[in-house]
$ cat structure-v1.cif   # mmCIF, C-alpha atoms
data_coords
loop_
_atom_site.group_PDB
_atom_site.id
_atom_site.type_symbol
_atom_site.label_atom_id
_atom_site.label_comp_id
_atom_site.auth_asym_id
_atom_site.auth_seq_id
_atom_site.Cartn_x
_atom_site.Cartn_y
_atom_site.Cartn_z
ATOM 1 C CA MET C 1 1.994 -31.726 -32.972
ATOM 2 C CA TYR C 2 -0.452 -28.849 -32.679
ATOM 3 C CA ARG C 3 -3.336 -31.228 -33.248
ATOM 4 C CA SER C 4 -2.248 -33.376 -30.365
ATOM 5 C CA LEU C 5 -2.818 -30.535 -27.953
ATOM 6 C CA ILE C 6 -6.234 -30.384 -26.387
ATOM 7 C CA LEU C 7 -6.752 -26.771 -25.570
ATOM 8 C CA LEU C 8 -9.624 -25.847 -23.363
ATOM 9 C CA LEU C 9 -10.318 -22.821 -21.312
ATOM 10 C CA PHE C 10 -13.944 -23.158 -20.352
ATOM 11 C CA ILE C 11 -16.608 -25.766 -20.090
ATOM 12 C CA GLY C 12 -20.350 -25.394 -19.699
ATOM 13 C CA ALA C 13 -22.585 -22.719 -21.169
ATOM 14 C CA ALA C 14 -25.319 -20.629 -19.653
ATOM 15 C CA ASN C 15 -24.329 -21.841 -16.211
ATOM 16 C CA ALA C 16 -25.286 -19.584 -13.363
ATOM 17 C CA HIS C 17 -24.510 -19.084 -9.704
ATOM 18 C CA GLN C 18 -26.788 -16.877 -7.633
ATOM 19 C CA MET C 19 -26.787 -15.728 -4.024
ATOM 20 C CA SER C 20 -29.263 -13.656 -2.072
ATOM 21 C CA PRO C 21 -29.939 -11.449 -0.226
ATOM 22 C CA THR C 22 -27.573 -8.649 -1.165
ATOM 23 C CA TYR C 23 -27.590 -7.312 2.377
ATOM 24 C CA PRO C 24 -28.168 -10.033 4.990
ATOM 25 C CA LYS C 25 -28.635 -9.070 8.628
ATOM 26 C CA TRP C 26 -27.516 -10.575 11.890
ATOM 27 C CA SER C 27 -30.093 -11.512 14.488
ATOM 28 C CA ASP C 28 -29.781 -12.954 17.981
ATOM 29 C CA SER C 29 -29.551 -16.718 18.133
ATOM 30 C CA TYR C 30 -30.800 -18.933 20.932
ATOM 31 C CA ILE C 31 -27.257 -18.998 22.318
ATOM 32 C CA ASP C 32 -25.878 -16.118 24.369
ATOM 33 C CA ASN C 33 -23.402 -13.877 22.530
ATOM 34 C CA ILE C 34 -23.947 -15.691 19.266
ATOM 35 C CA SER C 35 -25.630 -14.054 16.277
ATOM 36 C CA VAL C 36 -27.094 -15.804 13.302
ATOM 37 C CA SER C 37 -27.671 -14.939 9.659
ATOM 38 C CA ARG C 38 -28.799 -16.796 6.566
ATOM 39 C CA VAL C 39 -28.036 -16.655 2.852
ATOM 40 C CA ARG C 40 -29.360 -18.710 -0.050
ATOM 41 C CA VAL C 41 -27.292 -20.036 -2.912
ATOM 42 C CA PHE C 42 -28.836 -21.236 -6.153
ATOM 43 C CA ASN C 43 -26.862 -23.632 -8.331
ATOM 44 C CA LYS C 44 -27.621 -23.466 -12.016
ATOM 45 C CA ARG C 45 -24.132 -24.611 -12.950
ATOM 46 C CA LYS C 46 -23.993 -28.114 -14.353
ATOM 47 C CA ASP C 47 -20.232 -28.147 -13.950
ATOM 48 C CA VAL C 48 -20.312 -27.323 -10.232
ATOM 49 C CA GLU C 49 -21.526 -29.542 -7.411
ATOM 50 C CA TYR C 50 -20.016 -27.870 -4.375
ATOM 51 C CA TYR C 51 -20.001 -24.356 -3.004
ATOM 52 C CA GLU C 52 -17.870 -22.993 -0.203
ATOM 53 C CA ILE C 53 -19.115 -20.327 2.180
ATOM 54 C CA GLY C 54 -16.916 -17.867 4.046
ATOM 55 C CA VAL C 55 -17.180 -14.751 6.193
ATOM 56 C CA PHE C 56 -14.686 -11.952 5.622
ATOM 57 C CA ASP C 57 -13.689 -8.523 6.927
ATOM 58 C CA LYS C 58 -13.324 -5.320 4.881
ATOM 59 C CA ASP C 59 -9.975 -6.526 3.520
ATOM 60 C CA MET C 60 -11.411 -9.928 2.589
ATOM 61 C CA LYS C 61 -9.538 -11.618 5.421
ATOM 62 C CA PRO C 62 -11.390 -14.623 6.888
ATOM 63 C CA ILE C 63 -13.435 -14.179 10.073
ATOM 64 C CA PRO C 64 -14.193 -17.151 12.376
ATOM 65 C CA PHE C 65 -17.743 -18.412 12.015
ATOM 66 C CA VAL C 66 -19.691 -21.626 12.311
ATOM 67 C CA THR C 67 -22.049 -23.278 9.877
ATOM 68 C CA GLN C 68 -23.187 -26.832 9.446
ATOM 69 C CA TYR C 69 -21.187 -27.345 6.260
ATOM 70 C CA ASP C 70 -18.872 -24.635 4.965
ATOM 71 C CA LEU C 71 -18.413 -26.775 1.851
ATOM 72 C CA ARG C 72 -21.773 -27.991 0.699
ATOM 73 C CA GLY C 73 -23.055 -29.970 -2.215
ATOM 74 C CA ILE C 74 -25.880 -28.280 -4.098
ATOM 75 C CA LYS C 75 -27.552 -30.218 -6.871
ATOM 76 C CA TYR C 76 -28.104 -28.643 -10.265
ATOM 77 C CA HIS C 77 -31.131 -26.334 -10.240
ATOM 78 C CA ASN C 78 -31.414 -26.446 -6.460
ATOM 79 C CA TYR C 79 -31.198 -23.944 -3.654
ATOM 80 C CA ALA C 80 -29.332 -24.340 -0.409
ATOM 81 C CA GLU C 81 -29.663 -22.141 2.631
ATOM 82 C CA PHE C 82 -26.553 -21.533 4.695
ATOM 83 C CA THR C 83 -27.131 -20.652 8.357
ATOM 84 C CA ILE C 84 -24.137 -18.812 9.746
ATOM 85 C CA TYR C 85 -23.374 -18.381 13.426
ATOM 86 C CA ILE C 86 -20.820 -15.886 14.681
ATOM 87 C CA ASN C 87 -19.508 -14.867 18.074
ATOM 88 C CA ASN C 88 -20.615 -11.312 18.783
ATOM 89 C CA ARG C 89 -17.045 -10.233 19.346
ATOM 90 C CA TYR C 90 -16.340 -10.850 15.632
ATOM 91 C CA LYS C 91 -19.627 -9.467 14.389
ATOM 92 C CA LYS C 92 -18.539 -5.858 13.947
ATOM 93 C CA ASP C 93 -15.629 -6.941 11.719
ATOM 94 C CA ALA C 94 -17.655 -9.344 9.617
ATOM 95 C CA LEU C 95 -18.514 -7.382 6.491
ATOM 96 C CA TYR C 96 -18.965 -9.974 3.739
ATOM 97 C CA VAL C 97 -20.348 -13.460 3.383
ATOM 98 C CA CYS C 98 -19.233 -15.081 0.159
ATOM 99 C CA SER C 99 -20.118 -18.253 -1.717
ATOM 100 C CA LYS C 100 -17.571 -19.654 -4.115
ATOM 101 C CA SER C 101 -17.984 -22.371 -6.719
ATOM 102 C CA MET C 102 -15.618 -25.298 -6.362
ATOM 103 C CA LEU C 103 -14.566 -26.807 -9.654
ATOM 104 C CA PRO C 104 -13.855 -30.538 -9.623
ATOM 105 C CA LYS C 105 -10.148 -31.228 -9.650
ATOM 106 C CA LEU C 106 -10.251 -33.293 -12.817
ATOM 107 C CA LYS C 107 -12.286 -30.618 -14.527
ATOM 108 C CA SER C 108 -10.466 -27.624 -13.172
ATOM 109 C CA THR C 109 -11.306 -25.705 -16.263
ATOM 110 C CA GLY C 110 -13.793 -22.892 -16.421
ATOM 111 C CA VAL C 111 -15.059 -19.953 -14.447
ATOM 112 C CA VAL C 112 -14.671 -19.756 -10.717
ATOM 113 C CA SER C 113 -17.649 -17.699 -9.591
ATOM 114 C CA LYS C 114 -17.701 -15.941 -6.250
ATOM 115 C CA ILE C 115 -20.574 -13.824 -4.944
ATOM 116 C CA CYS C 116 -20.286 -11.726 -1.806
ATOM 117 C CA SER C 117 -23.205 -10.241 0.108
ATOM 118 C CA LYS C 118 -22.592 -7.462 2.603
ATOM 119 C CA PHE C 119 -23.753 -7.347 6.190
ATOM 120 C CA LYS C 120 -25.631 -4.213 7.097
ATOM 121 C CA ASP C 121 -27.253 -3.350 10.425
ATOM 122 C CA MET V 122 -84.097 -2.088 38.283
ATOM 123 C CA ILE V 123 -80.571 -0.718 38.325
ATOM 124 C CA LYS V 124 -79.286 -4.171 37.493
ATOM 125 C CA ASP V 125 -81.598 -4.374 34.470
ATOM 126 C CA PHE V 126 -80.473 -0.944 33.351
ATOM 127 C CA SER V 127 -76.805 -2.018 33.601
ATOM 128 C CA TYR V 128 -77.483 -5.112 31.521
ATOM 129 C CA THR V 129 -79.324 -3.025 28.936
ATOM 130 C CA LEU V 130 -76.505 -0.465 28.782
ATOM 131 C CA ALA V 131 -73.811 -3.133 28.440
ATOM 132 C CA LEU V 132 -75.785 -4.922 25.748
ATOM 133 C CA THR V 133 -76.300 -1.655 23.870
ATOM 134 C CA ILE V 134 -72.567 -0.881 23.964
ATOM 135 C CA ILE V 135 -71.599 -4.373 22.776
ATOM 136 C CA VAL V 136 -74.158 -4.332 19.963
ATOM 137 C CA GLY V 137 -72.953 -0.843 19.025
ATOM 138 C CA ILE V 138 -69.328 -1.952 18.848
ATOM 139 C CA ILE V 139 -70.221 -5.022 16.779
ATOM 140 C CA SER V 140 -72.407 -2.938 14.446
ATOM 141 C CA TYR V 141 -69.652 -0.323 14.037
ATOM 142 C CA GLY V 142 -67.087 -2.999 13.262
ATOM 143 C CA ALA V 143 -69.445 -4.713 10.830
ATOM 144 C CA SER V 144 -70.319 -1.500 9.045
ATOM 145 C CA LYS V 145 -66.667 -0.453 8.899
ATOM 146 C CA SER V 146 -65.621 -3.802 7.464
ATOM 147 C CA ALA V 147 -68.444 -3.562 4.959
ATOM 148 C CA PHE V 148 -67.187 -0.255 3.629
ATOM 149 C CA ALA V 149 -63.395 -0.507 3.983
ATOM 150 C CA LEU V 150 -61.329 -3.586 4.364
ATOM 151 C CA ASP V 151 -57.591 -3.033 4.705
ATOM 152 C CA VAL V 152 -55.808 -5.688 2.693
ATOM 153 C CA PRO V 153 -52.100 -5.461 3.257
ATOM 154 C CA ILE V 154 -49.718 -6.169 0.401
ATOM 155 C CA SER V 155 -46.154 -6.508 1.481
ATOM 156 C CA ALA V 156 -42.937 -7.322 -0.295
ATOM 157 C CA SER V 157 -39.381 -7.951 0.645
ATOM 158 C CA VAL V 158 -36.910 -7.077 -2.079
ATOM 159 C CA THR V 159 -33.684 -8.828 -1.283
ATOM 160 C CA GLY V 160 -31.727 -8.408 -4.510
ATOM 161 C CA SER V 161 -29.128 -10.722 -5.852
ATOM 162 C CA CYS V 162 -26.231 -11.138 -8.229
ATOM 163 C CA ILE V 163 -26.059 -13.905 -10.826
ATOM 164 C CA ILE V 164 -22.858 -14.921 -12.589
ATOM 165 C CA SER V 165 -23.325 -16.974 -15.764
ATOM 166 C CA THR V 166 -20.979 -18.558 -18.249
ATOM 167 C CA GLU V 167 -22.405 -17.682 -21.652
ATOM 168 C CA THR V 168 -19.755 -18.942 -24.055
ATOM 169 C CA ASN V 169 -17.058 -21.497 -23.618
ATOM 170 C CA GLY V 170 -13.494 -20.355 -24.104
ATOM 171 C CA THR V 171 -10.882 -22.167 -26.133
ATOM 172 C CA TYR V 172 -7.227 -21.568 -26.759
ATOM 173 C CA GLY V 173 -6.044 -21.529 -30.322
ATOM 174 C CA GLN V 174 -2.414 -22.101 -31.194
ATOM 175 C CA PRO V 175 -1.088 -19.786 -33.909
ATOM 176 C CA ASN V 176 2.447 -21.110 -33.402
ATOM 177 C CA ALA V 177 4.247 -23.715 -31.339
ATOM 178 C CA TYR V 178 4.830 -21.500 -28.316
ATOM 179 C CA THR V 179 1.642 -19.375 -28.125
ATOM 180 C CA LEU V 180 -1.851 -20.148 -26.885
ATOM 181 C CA THR V 181 -4.477 -17.479 -27.380
ATOM 182 C CA THR V 182 -8.228 -17.007 -27.197
ATOM 183 C CA ALA V 183 -8.164 -14.664 -30.234
ATOM 184 C CA ALA V 184 -10.645 -15.813 -32.874
ATOM 185 C CA SER V 185 -8.215 -14.905 -35.642
ATOM 186 C CA ASP V 186 -5.827 -17.502 -34.227
ATOM 187 C CA GLY V 187 -8.400 -20.251 -33.885
ATOM 188 C CA GLY V 188 -9.361 -19.526 -30.299
ATOM 189 C CA GLN V 189 -12.617 -18.483 -28.713
ATOM 190 C CA MET V 190 -13.043 -15.725 -26.180
ATOM 191 C CA PRO V 191 -15.023 -16.803 -23.146
ATOM 192 C CA ILE V 192 -18.015 -14.629 -22.306
ATOM 193 C CA THR V 193 -19.552 -14.280 -18.873
ATOM 194 C CA ARG V 194 -22.785 -12.516 -18.008
ATOM 195 C CA VAL V 195 -23.556 -10.772 -14.749
ATOM 196 C CA ASP V 196 -27.140 -9.939 -13.775
ATOM 197 C CA VAL V 197 -28.001 -7.677 -10.869
ATOM 198 C CA THR V 198 -31.438 -6.831 -9.555
ATOM 199 C CA LEU V 199 -30.404 -3.779 -7.534
ATOM 200 C CA ALA V 200 -28.694 -0.714 -8.999
ATOM 201 C CA SER V 201 -25.399 0.448 -7.489
ATOM 202 C CA ALA V 202 -25.391 -2.484 -5.111
ATOM 203 C CA TYR V 203 -22.562 -4.561 -6.606
ATOM 204 C CA LYS V 204 -19.177 -4.317 -8.219
ATOM 205 C CA VAL V 205 -17.850 -7.130 -10.343
ATOM 206 C CA LYS V 206 -14.205 -8.126 -10.456
ATOM 207 C CA PHE V 207 -12.609 -10.380 -13.068
ATOM 208 C CA THR V 208 -9.229 -12.026 -12.836
ATOM 209 C CA VAL V 209 -7.982 -13.481 -16.122
ATOM 210 C CA PRO V 210 -5.553 -16.416 -16.024
ATOM 211 C CA ASN V 211 -1.990 -15.811 -14.900
ATOM 212 C CA SER V 212 -1.143 -19.508 -14.792
ATOM 213 C CA PHE V 213 -2.481 -22.811 -16.030
ATOM 214 C CA SER V 214 -4.704 -24.715 -13.627
ATOM 215 C CA SER V 215 -3.466 -27.904 -15.241
ATOM 216 C CA SER V 216 -0.841 -28.616 -17.872
ATOM 217 C CA PRO V 217 1.959 -31.001 -18.699
ATOM 218 C CA ASN V 218 5.292 -30.359 -16.991
ATOM 219 C CA LEU V 219 6.700 -27.155 -18.374
ATOM 220 C CA ASN V 220 10.409 -26.406 -18.211
ATOM 221 C CA ASP V 221 10.043 -22.792 -19.255
ATOM 222 C CA VAL V 222 8.314 -19.818 -17.697
ATOM 223 C CA VAL V 223 5.012 -19.007 -19.386
ATOM 224 C CA THR V 224 4.117 -15.334 -19.760
ATOM 225 C CA PHE V 225 0.400 -14.653 -19.453
ATOM 226 C CA THR V 226 -1.403 -11.553 -20.646
ATOM 227 C CA GLY V 227 -5.115 -10.917 -20.776
ATOM 228 C CA ASP V 228 -7.923 -8.455 -20.443
ATOM 229 C CA THR V 229 -11.642 -8.120 -19.767
ATOM 230 C CA GLU V 230 -13.993 -5.863 -21.714
ATOM 231 C CA VAL V 231 -17.722 -5.186 -21.776
ATOM 232 C CA SER V 232 -19.123 -6.890 -24.853
ATOM 233 C CA ALA V 233 -22.846 -6.131 -24.505
ATOM 234 C CA VAL V 234 -25.318 -4.519 -22.111
ATOM 235 C CA SER V 235 -29.046 -4.789 -21.577
ATOM 236 C CA ASP V 236 -29.472 -1.070 -20.876
ATOM 237 C CA ALA V 237 -27.552 0.973 -23.452
ATOM 238 C CA THR V 238 -28.359 4.267 -21.725
ATOM 239 C CA ASN V 239 -27.465 3.536 -18.141
ATOM 240 C CA MET V 240 -24.639 1.083 -18.805
ATOM 241 C CA ALA V 241 -22.902 3.034 -21.557
ATOM 242 C CA ASP V 242 -20.002 4.096 -19.325
ATOM 243 C CA TYR V 243 -19.202 0.718 -17.823
ATOM 244 C CA GLU V 244 -16.143 0.142 -19.993
ATOM 245 C CA THR V 245 -14.739 3.663 -19.728
ATOM 246 C CA ASP V 246 -15.281 3.698 -15.971
ATOM 247 C CA LYS V 247 -13.670 0.333 -15.313
ATOM 248 C CA VAL V 248 -10.792 0.183 -12.855
ATOM 249 C CA GLU V 249 -7.728 -1.781 -13.938
ATOM 250 C CA VAL V 250 -6.540 -3.069 -10.590
ATOM 251 C CA SER V 251 -3.593 -4.958 -12.076
ATOM 252 C CA ASP V 252 -2.499 -6.562 -15.335
ATOM 253 C CA TYR V 253 -4.936 -9.396 -14.722
ATOM 254 C CA VAL V 254 -7.693 -7.809 -12.642
ATOM 255 C CA ASP V 255 -10.462 -5.434 -13.785
ATOM 256 C CA GLU V 256 -13.312 -4.023 -11.718
ATOM 257 C CA TYR V 257 -16.644 -2.584 -12.798
ATOM 258 C CA ASP V 258 -19.283 -0.801 -10.730
ATOM 259 C CA LEU V 259 -22.698 -2.088 -11.716
ATOM 260 C CA THR V 260 -24.711 1.109 -11.412
ATOM 261 C CA ALA V 261 -27.825 -0.097 -13.242
ATOM 262 C CA THR V 262 -30.053 -3.129 -12.978
ATOM 263 C CA GLY V 263 -29.915 -5.672 -15.761
ATOM 264 C CA SER V 264 -27.410 -7.826 -17.599
ATOM 265 C CA THR V 265 -23.870 -7.114 -18.678
ATOM 266 C CA TRP V 266 -21.799 -9.408 -20.884
ATOM 267 C CA PHE V 267 -18.041 -9.447 -20.488
ATOM 268 C CA LYS V 268 -15.495 -10.984 -22.850
ATOM 269 C CA HIS V 269 -12.124 -12.162 -21.647
ATOM 270 C CA THR V 270 -8.906 -12.592 -23.548
ATOM 271 C CA SER V 271 -5.961 -14.712 -22.523
ATOM 272 C CA VAL V 272 -2.602 -15.222 -24.194
ATOM 273 C CA ALA V 273 0.059 -17.577 -22.878
ATOM 274 C CA VAL V 274 3.515 -17.522 -24.429
ATOM 275 C CA ASN V 275 6.013 -20.211 -23.549
ATOM 276 C CA GLY V 276 9.459 -18.953 -22.533
ATOM 277 C CA GLY V 277 12.288 -18.871 -25.022
ATOM 278 C CA SER V 278 9.814 -19.353 -27.851
ATOM 279 C CA ARG V 279 10.020 -23.067 -27.133
ATOM 280 C CA ALA V 280 7.199 -25.321 -28.221
ATOM 281 C CA TYR V 281 4.575 -26.370 -25.721
ATOM 282 C CA PRO V 282 4.711 -30.069 -24.868
ATOM 283 C CA SER V 283 1.739 -32.121 -26.010
ATOM 284 C CA GLY V 284 -1.107 -32.451 -23.520
ATOM 285 C CA ASN V 285 -4.075 -30.729 -21.964
ATOM 286 C CA TYR V 286 -3.859 -27.102 -20.917
ATOM 287 C CA THR V 287 -6.568 -25.606 -18.762
ATOM 288 C CA SER V 288 -7.012 -22.319 -16.964
ATOM 289 C CA TYR V 289 -9.870 -20.344 -15.503
ATOM 290 C CA VAL V 290 -11.215 -16.849 -15.045
ATOM 291 C CA VAL V 291 -12.302 -15.804 -11.572
ATOM 292 C CA ALA V 292 -15.511 -13.756 -11.618
ATOM 293 C CA GLU V 293 -16.467 -12.067 -8.340
ATOM 294 C CA CYS V 294 -19.634 -10.129 -7.634
ATOM 295 C CA ILE V 295 -19.210 -8.117 -4.439
ATOM 296 C CA ALA V 296 -21.943 -6.159 -2.682
ATOM 297 C CA LEU V 297 -21.122 -2.469 -2.111
#

$ encode --input "structure-v1.cif" --output "structure tokens"
Amino acid sequence: MYRSLILLLFIGAANAHQMSPTYPKWSDSYIDNISVSRVRVFNKRKDVEYYEIGVFDKDMKPIPFVTQYDLRGIKYHNYAEFTIYINNRYKKDALYVCSKSMLPKLKSTGVVSKICSKFKD
Amino acid sequence: MIKDFSYTLALTIIVGIISYGASKSAFALDVPISASVTGSCIISTETNGTYGQPNAYTLTTAASDGGQMPITRVDVTLASAYKVKFTVPNSFSSSPNLNDVVTFTGDTEVSAVSDATNMADYETDKVEVSDYVDEYDLTATGSTWFKHTSVAVNGGSRAYPSGNYTSYVVAECIAL
């Protein structure tokens, strides 16, 4: 019976997820009371096609923000730039912007990688 | 006469300015070199993990039991700018229907470092946040390899049903 079990914990080797910068900054957008920031995510994970972006406070609770796609497909060996807009009333609480790898449901085996940059004035 | 003198004076000043600029540029040309160091964190999966099955009710990544410990690598380009947090499995992400409660245990340890001097204390300084979560402050630039163990014991020492069992480690790199 033991042989009938297929036991996997991880798939993919030397797969990498990268995000920069470490300390992004907010700047004024072309809309009143809205600030904008940008981060870049590099996908060197063959097993991951989608990354989710989120903005969080000091306790890692979600903060409202707007971006074109908060879940975005990034091809293998490609960069994607996320442009994040936030209402200025939430800006002081927004401490982290994080990108998280989304594992396909049928291949939900492996490492979930999450990288968080920190907003600094 | 006065008009001619004014023209002559203006021409002299202009020629003087041009000559000064030309001579200055001939002797010293300021060539700016600028850089913007943004820093980043990279999380890599170095080695696949596999559960071995030493008996009917235990799955383990221990090599002695036929398993393989997964290894992740974290690279940082800025010192003291990130902490890394690992959560080892406390449930299966997919499995056959299980009628018994599975007890998970696991741990994360530093397995190798790229800077033996400045990263020597990573393991002793790690913070065990909970049974499944460990945190490390990455105080030096370079690469750190982490190995993860996971053991899943089926309740009542009952045999696992046949099928696929998968789980995952969550690796988080958080800017400080």

$ resolve_selection --input "structure-v1.cif" --expression "the PyMOL selection byres ((chain V and resi 230) around 10)" --output "list in words"
Ile192, Phe207, Asp228, Thr229, Val231, Ser232, Ala233, Tyr243, Glu244, Thr245, Lys247, Asp255, Tyr257, Trp266, Phe267, Lys268, His269 and Thr270 of chain V

$ resolve_selection --input "structure-v1.cif" --expression "the PyMOL selection byres ((chain C and resi 36) around 6)" --output "ChimeraX atom specification"
/C:26-27,29,35,37,84-85

$ atom_distance --input "structure-v1.cif" --atom1 "atom CA of C:Asn87" --atom2 "atom CA of C:Pro64"
8.1 Å

$ atom_distance --input "structure-v1.cif" --atom1 "atom CA of C:Lys61" --atom2 "atom CA of V:Val250"
18.4 Å

$ closest_residue --input "structure-v1.cif" --among "V:Thr238, V:Ser215, V:Thr224, V:Thr262" --to "V:Gly284" --atoms "all atoms listed in the file"
V:Ser215
